[in-house]
Structures are given as C-alpha cells and as structure tokens.
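Student: Contents are mmCIF, C-alpha atoms; file name final-v6.cif:
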data_target
#
loop_
_atom_site.label_atom_id
_atom_site.label_comp_id
_atom_site.auth_asym_id
_atom_site.auth_seq_id
_atom_site.Cartn_x
_atom_site.Cartn_y
_atom_site.Cartn_z
CA MET A 1 -14.91 -1.87 -19.92
CA SER A 2 -17.64 -0.83 -17.52
CA TYR A 3 -17.18 2.34 -15.50
CA ILE A 4 -16.81 0.22 -12.35
CA ALA A 5 -13.95 -1.72 -13.96
CA SER A 6 -12.41 1.62 -14.97
CA ILE A 7 -12.52 2.75 -11.33
CA GLY A 8 -10.84 -0.50 -10.28
CA THR A 9 -8.16 -0.11 -12.95
CA LEU A 10 -7.45 3.50 -11.95
CA ALA A 11 -7.36 2.44 -8.28
CA ALA A 12 -4.83 -0.32 -9.08
CA ILE A 13 -2.66 2.05 -11.14
CA LEU A 14 -2.65 4.66 -8.35
CA THR A 15 -1.90 2.27 -5.45
CA THR A 16 0.92 0.68 -7.49
CA ALA A 17 2.36 3.90 -8.98
CA ALA A 18 2.32 5.50 -5.50
CA PHE A 19 5.43 3.50 -4.57
CA VAL A 20 7.50 4.91 -7.46
CA PRO A 21 8.15 8.34 -5.82
CA GLN A 22 8.99 6.58 -2.53
CA VAL A 23 11.53 4.35 -4.31
CA VAL A 24 13.02 7.39 -6.09
CA ARG A 25 13.23 9.26 -2.78
CA VAL A 26 15.02 6.52 -0.82
CA ILE A 27 17.46 5.85 -3.68
CA ARG A 28 18.23 9.56 -4.16
CA THR A 29 18.51 10.54 -0.49
CA ARG A 30 19.63 7.17 1.01
CA ASP A 31 17.45 8.27 3.94
CA THR A 32 15.07 5.63 5.28
CA HIS A 33 15.02 6.68 8.94
CA ALA A 34 11.32 7.62 9.11
CA ILE A 35 10.25 4.53 7.18
CA SER A 36 8.87 1.62 9.21
CA LEU A 37 10.70 -1.66 8.61
CA ILE A 38 7.74 -3.64 9.95
CA MET A 39 5.40 -1.85 7.54
CA TYR A 40 7.43 -2.93 4.51
CA VAL A 41 7.83 -6.51 5.80
CA LEU A 42 4.07 -6.90 6.37
CA PHE A 43 3.19 -5.04 3.18
CA SER A 44 5.54 -7.17 1.05
CA LEU A 45 4.08 -10.35 2.53
CA GLY A 46 0.53 -9.09 1.91
CA VAL A 47 1.22 -8.04 -1.68
CA SER A 48 2.89 -11.43 -2.31
CA LEU A 49 -0.32 -13.11 -1.15
CA TRP A 50 -2.35 -10.81 -3.45
CA CYS A 51 -0.15 -12.10 -6.32
CA VAL A 52 -0.86 -15.72 -5.33
CA TYR A 53 -4.58 -14.87 -5.04
CA GLY A 54 -4.60 -13.33 -8.53
CA LEU A 55 -2.67 -16.29 -9.92
CA LEU A 56 -5.01 -18.89 -8.39
CA LEU A 57 -8.12 -17.10 -9.67
CA GLY A 58 -6.59 -16.25 -13.07
CA LEU A 59 -7.04 -12.55 -12.33
CA TRP A 60 -4.06 -11.29 -14.33
CA PRO A 61 -4.51 -7.57 -13.61
CA VAL A 62 -4.52 -8.37 -9.85
CA MET A 63 -1.40 -10.50 -10.26
CA VAL A 64 0.55 -8.06 -12.43
CA ALA A 65 -0.36 -4.93 -10.43
CA ASN A 66 0.64 -6.61 -7.17
CA LEU A 67 3.84 -8.05 -8.66
CA ILE A 68 4.94 -4.54 -9.68
CA THR A 69 3.95 -3.20 -6.23
CA LEU A 70 5.93 -6.04 -4.62
CA LEU A 71 9.08 -5.21 -6.59
CA LEU A 72 8.80 -1.52 -5.63
CA ALA A 73 8.14 -2.33 -1.95
CA LEU A 74 11.12 -4.72 -1.93
CA VAL A 75 13.41 -1.92 -3.14
CA VAL A 76 12.28 0.28 -0.22
CA LEU A 77 12.67 -2.68 2.17
CA ALA A 78 16.20 -3.43 0.86
CA MET A 79 17.21 0.22 1.24
CA LYS A 80 15.77 0.24 4.78
CA LEU A 81 17.71 -2.92 5.69
CA ARG A 82 20.91 -1.41 4.27
CA GLY A 83 20.40 1.99 5.84
CA GLY A 84 19.09 0.87 9.23
CA MET B 1 -14.47 -20.11 3.06
CA SER B 2 -12.32 -21.61 0.31
CA TYR B 3 -8.56 -21.62 0.73
CA ILE B 4 -8.30 -19.03 -2.06
CA ALA B 5 -10.67 -16.71 -0.16
CA SER B 6 -8.54 -17.30 2.95
CA ILE B 7 -5.44 -16.20 1.04
CA GLY B 8 -7.28 -13.06 -0.11
CA THR B 9 -8.43 -12.32 3.43
CA LEU B 10 -4.92 -12.76 4.85
CA ALA B 11 -3.53 -10.58 2.03
CA ALA B 12 -6.06 -7.83 2.84
CA ILE B 13 -5.31 -8.01 6.57
CA LEU B 14 -1.54 -7.78 5.95
CA THR B 15 -1.63 -4.90 3.44
CA THR B 16 -3.96 -2.94 5.76
CA ALA B 17 -2.22 -3.79 9.06
CA ALA B 18 1.16 -2.90 7.50
CA PHE B 19 0.32 0.81 7.88
CA VAL B 20 -0.20 0.57 11.65
CA PRO B 21 3.54 0.43 12.53
CA GLN B 22 4.20 3.31 10.10
CA VAL B 23 1.51 5.42 11.78
CA VAL B 24 2.92 4.55 15.23
CA ARG B 25 6.43 5.46 14.06
CA VAL B 26 5.56 8.88 12.61
CA ILE B 27 3.42 9.78 15.65
CA ARG B 28 6.11 8.67 18.11
CA THR B 29 9.14 10.16 16.34
CA ARG B 30 7.45 13.09 14.51
CA ASP B 31 9.99 12.25 11.77
CA THR B 32 8.56 12.06 8.25
CA HIS B 33 11.61 13.25 6.32
CA ALA B 34 12.23 10.00 4.40
CA ILE B 35 8.55 9.55 3.60
CA SER B 36 7.38 10.57 0.13
CA LEU B 37 4.53 13.09 0.13
CA ILE B 38 3.60 12.15 -3.45
CA MET B 39 3.42 8.46 -2.47
CA TYR B 40 0.85 9.15 0.24
CA VAL B 41 -1.18 11.50 -1.98
CA LEU B 42 -1.36 8.94 -4.82
CA PHE B 43 -1.88 6.03 -2.42
CA SER B 44 -4.73 7.79 -0.57
CA LEU B 45 -6.43 8.60 -3.87
CA GLY B 46 -6.01 4.99 -5.04
CA VAL B 47 -7.32 3.49 -1.81
CA SER B 48 -10.30 5.90 -1.93
CA LEU B 49 -11.10 4.56 -5.40
CA TRP B 50 -10.81 0.97 -4.10
CA CYS B 51 -13.43 1.93 -1.48
CA VAL B 52 -15.74 3.28 -4.19
CA TYR B 53 -15.12 0.13 -6.26
CA GLY B 54 -16.00 -2.10 -3.30
CA LEU B 55 -19.09 0.00 -2.56
CA LEU B 56 -20.35 -0.11 -6.16
CA LEU B 57 -19.89 -3.89 -6.40
CA GLY B 58 -21.18 -4.54 -2.86
CA LEU B 59 -17.82 -6.10 -1.93
CA TRP B 60 -17.87 -5.14 1.74
CA PRO B 61 -14.51 -6.69 2.69
CA VAL B 62 -12.86 -4.66 -0.12
CA MET B 63 -14.63 -1.50 1.06
CA VAL B 64 -13.90 -1.94 4.77
CA ALA B 65 -10.24 -3.01 4.34
CA ASN B 66 -9.56 -0.05 2.05
CA LEU B 67 -11.41 2.38 4.31
CA ILE B 68 -9.19 1.37 7.25
CA THR B 69 -6.09 1.61 5.01
CA LEU B 70 -7.25 5.06 3.88
CA LEU B 71 -7.60 6.32 7.45
CA LEU B 72 -4.11 5.04 8.33
CA ALA B 73 -2.57 6.52 5.16
CA LEU B 74 -4.27 9.87 5.86
CA VAL B 75 -2.64 9.99 9.32
CA VAL B 76 0.81 9.52 7.72
CA LEU B 77 -0.08 12.12 5.07
CA ALA B 78 -1.25 14.62 7.70
CA MET B 79 1.94 14.11 9.74
CA LYS B 80 4.02 14.58 6.57
CA LEU B 81 2.18 17.81 5.72
CA ARG B 82 2.71 19.07 9.28
CA GLY B 83 6.32 17.99 9.47
CA GLY B 84 7.39 18.96 5.96
#
As a first step, turn the structure in this file into structure tokens.
Tutor:
Amino acid sequence: MSYIASIGTLAAILTTAAFVPQVVRVIRTRDTHAISLIMYVLFSLGVSLWCVYGLLLGLWPVMVANLITLLLALVVLAMKLRGG
Amino acid sequence: MSYIASIGTLAAILTTAAFVPQVVRVIRTRDTHAISLIMYVLFSLGVSLWCVYGLLLGLWPVMVANLITLLLALVVLAMKLRGG
C-alpha cells in the first residue's frame, strides 16, 4: 500500500472510530441535550449516500467504513430521539 | 457529471453541512456537556488526514469539503474545551 493509501486508511479509521466515544457517552449518561438532532439526521443521510457511492464504484473500504459510521451515528440519533 | 459523482457530491455536502447545526447549537446554548471530547479530537485528526489525502492526490473536492468540515469540528472542539 502506498503511503497516500495509508493516509487515507488512517483517515477513514479515525473519522469512523471517532463516533465510538460519543456512542459510549450517550449510552452511559443518557444525556443528549447538547447534541444537534439536525446534525445527526443530515450526517446519517450523507454517510448512507457514501455507502451507496462506495457500493456503486466497488470501493469496499469506502462502503464498509461508512456503514460502520452509519450504525454508530444511528445509535446517537436514536438516543437523541428518545431523550429529546 | 455522472450520477455516481452526483451521489458522491451530495454525500460530501451532507456530511459537511451536518456540522453547521451542531456549531450553531453549541454557540447559542454554550452547552457541550453531552458532546464527547474524544470524538471531536479523533474526528478533527481524521478530517485533517482526509485533507492531506485530497491534497496529495489533487482531489480538490475531497480537500475543500474536509477543510470546511475541519473548521466546523474545531469550533465544536474549542467550545467543548472552554465549556468542559
């Protein structure tokens, strides 16, 4: 793998993994007050489209990374919808 | 532009624009309690690497979209660091 591909891989891992501590925080505290509902609606839609994009171009890393991000974002969104 | 490129463009616009309502919310309410500090640290690092990736490959849409996302994420991060 070229060093540019390595940078892309690390970037994808970081932007996906970033949502793990947010998911842990909202599940543990049940506090979602400061979190923007509109952000997670738009973000989930956008990440879904990145999945479709990856699927259509056969870019499996793009598809898988965004699918994981989508699942994590949907947990935050669900907690926000439950918590108000 | 092919329909696949259109999907990618819409995906990029959504995942970048998603952070605008979060920025507005933290500035207006000064409340960042539910927001994960670690999420915004990891996410900012990841988006920075996506900028570098776009720069190295000459993918200007990737670079510009991620640069805007980075600026928005840094505002949330700064407000979190100020607010605790």
Student: For chain B, report every residue with an atom at most 7 Å from chain A (counting only C-alpha atoms), formatted as a PyMOL selection string.
Tutor: chain B and resi 4+7-8+11-12+14-15+18-19+21-22+25-26+31-36+38-40+42-43+46-47+49-50+53
Student: Point out the residue among B:Ile27, B:Ile68, B:Val62, B:Ser2 with the least atom-to-atom distance to Arg82 of chain B, counting all atoms listed in the file.
Tutor: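 Distance minimum relative to Arg82 of chain B lands on B:Ile27.
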Student: Could you give me chain B least-squares fitted onto chain A (all C-alpha atoms, paired in order), as an mmCIF file with C-alpha atoms, in the coordinates of the input?
Tutor:
data_model
loop_
_atom_site.group_PDB
_atom_site.id
_atom_site.type_symbol
_atom_site.label_atom_id
_atom_site.label_comp_id
_atom_site.auth_asym_id
_atom_site.auth_seq_id
_atom_site.Cartn_x
_atom_site.Cartn_y
_atom_site.Cartn_z
ATOM 1 C CA MET B 1 -14.925 -1.896 -19.923
ATOM 2 C CA SER B 2 -17.657 -0.831 -17.508
ATOM 3 C CA TYR B 3 -17.190 2.343 -15.504
ATOM 4 C CA ILE B 4 -16.817 0.229 -12.350
ATOM 5 C CA ALA B 5 -13.963 -1.730 -13.972
ATOM 6 C CA SER B 6 -12.418 1.611 -14.975
ATOM 7 C CA ILE B 7 -12.524 2.753 -11.348
ATOM 8 C CA GLY B 8 -10.842 -0.505 -10.287
ATOM 9 C CA THR B 9 -8.174 -0.109 -12.956
ATOM 10 C CA LEU B 10 -7.455 3.497 -11.951
ATOM 11 C CA ALA B 11 -7.358 2.430 -8.278
ATOM 12 C CA ALA B 12 -4.836 -0.325 -9.092
ATOM 13 C CA ILE B 13 -2.669 2.037 -11.150
ATOM 14 C CA LEU B 14 -2.643 4.650 -8.353
ATOM 15 C CA THR B 15 -1.890 2.267 -5.462
ATOM 16 C CA THR B 16 0.935 0.677 -7.497
ATOM 17 C CA ALA B 17 2.367 3.901 -8.978
ATOM 18 C CA ALA B 18 2.323 5.509 -5.505
ATOM 19 C CA PHE B 19 5.444 3.507 -4.576
ATOM 20 C CA VAL B 20 7.513 4.905 -7.458
ATOM 21 C CA PRO B 21 8.155 8.326 -5.825
ATOM 22 C CA GLN B 22 9.000 6.574 -2.531
ATOM 23 C CA VAL B 23 11.535 4.347 -4.299
ATOM 24 C CA VAL B 24 13.023 7.386 -6.088
ATOM 25 C CA ARG B 25 13.239 9.266 -2.781
ATOM 26 C CA VAL B 26 15.018 6.527 -0.809
ATOM 27 C CA ILE B 27 17.451 5.846 -3.680
ATOM 28 C CA ARG B 28 18.223 9.547 -4.156
ATOM 29 C CA THR B 29 18.506 10.538 -0.485
ATOM 30 C CA ARG B 30 19.618 7.175 1.014
ATOM 31 C CA ASP B 31 17.437 8.285 3.960
ATOM 32 C CA THR B 32 15.065 5.630 5.300
ATOM 33 C CA HIS B 33 15.015 6.687 8.950
ATOM 34 C CA ALA B 34 11.310 7.628 9.100
ATOM 35 C CA ILE B 35 10.252 4.530 7.183
ATOM 36 C CA SER B 36 8.885 1.612 9.199
ATOM 37 C CA LEU B 37 10.715 -1.672 8.615
ATOM 38 C CA ILE B 38 7.742 -3.653 9.956
ATOM 39 C CA MET B 39 5.402 -1.850 7.530
ATOM 40 C CA TYR B 40 7.444 -2.936 4.518
ATOM 41 C CA VAL B 41 7.839 -6.509 5.801
ATOM 42 C CA LEU B 42 4.076 -6.901 6.379
ATOM 43 C CA PHE B 43 3.197 -5.039 3.176
ATOM 44 C CA SER B 44 5.548 -7.174 1.040
ATOM 45 C CA LEU B 45 4.087 -10.350 2.528
ATOM 46 C CA GLY B 46 0.540 -9.080 1.904
ATOM 47 C CA VAL B 47 1.236 -8.041 -1.679
ATOM 48 C CA SER B 48 2.899 -11.437 -2.313
ATOM 49 C CA LEU B 49 -0.317 -13.103 -1.146
ATOM 50 C CA TRP B 50 -2.355 -10.822 -3.450
ATOM 51 C CA CYS B 51 -0.157 -12.099 -6.312
ATOM 52 C CA VAL B 52 -0.868 -15.710 -5.333
ATOM 53 C CA TYR B 53 -4.585 -14.878 -5.040
ATOM 54 C CA GLY B 54 -4.606 -13.323 -8.518
ATOM 55 C CA LEU B 55 -2.673 -16.290 -9.921
ATOM 56 C CA LEU B 56 -5.020 -18.880 -8.389
ATOM 57 C CA LEU B 57 -8.134 -17.087 -9.672
ATOM 58 C CA GLY B 58 -6.575 -16.237 -13.058
ATOM 59 C CA LEU B 59 -7.050 -12.517 -12.334
ATOM 60 C CA TRP B 60 -4.063 -11.279 -14.320
ATOM 61 C CA PRO B 61 -4.518 -7.554 -13.604
ATOM 62 C CA VAL B 62 -4.519 -8.349 -9.848
ATOM 63 C CA MET B 63 -1.403 -10.501 -10.255
ATOM 64 C CA VAL B 64 0.544 -8.058 -12.430
ATOM 65 C CA ALA B 65 -0.350 -4.917 -10.415
ATOM 66 C CA ASN B 66 0.644 -6.623 -7.164
ATOM 67 C CA LEU B 67 3.834 -8.050 -8.655
ATOM 68 C CA ILE B 68 4.949 -4.544 -9.683
ATOM 69 C CA THR B 69 3.960 -3.203 -6.232
ATOM 70 C CA LEU B 70 5.940 -6.039 -4.631
ATOM 71 C CA LEU B 71 9.085 -5.207 -6.597
ATOM 72 C CA LEU B 72 8.810 -1.520 -5.635
ATOM 73 C CA ALA B 73 8.148 -2.342 -1.961
ATOM 74 C CA LEU B 74 11.128 -4.734 -1.926
ATOM 75 C CA VAL B 75 13.419 -1.919 -3.137
ATOM 76 C CA VAL B 76 12.277 0.280 -0.214
ATOM 77 C CA LEU B 77 12.676 -2.687 2.155
ATOM 78 C CA ALA B 78 16.186 -3.436 0.868
ATOM 79 C CA MET B 79 17.207 0.226 1.242
ATOM 80 C CA LYS B 80 15.776 0.244 4.785
ATOM 81 C CA LEU B 81 17.712 -2.915 5.691
ATOM 82 C CA ARG B 82 20.903 -1.390 4.265
ATOM 83 C CA GLY B 83 20.374 1.997 5.841
ATOM 84 C CA GLY B 84 19.074 0.856 9.219
#
Student: Please measure the separation of atom CA of Arg28 of chain A and atom CA of Ala78 of chain A, giving the value in Å to one decimal.
Tutor: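 Pair atom CA of Arg28 of chain A / atom CA of Ala78 of chain A returns 14.1 Å.
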Student: Record the distance separating atom CA of Leu67 of chain B and atom CA of Leu55 of chain B, expressed in Å with one decimal.
Tutor: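 So the two atoms, atom CA of Leu67 of chain B and atom CA of Leu55 of chain B, lie 10.6 Å apart.
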Student: Between atom CA of Asn66 of chain B and atom CA of Ala65 of chain A, what is the distance in Å, rounded to a tenth?
Tutor: 16.3 Å
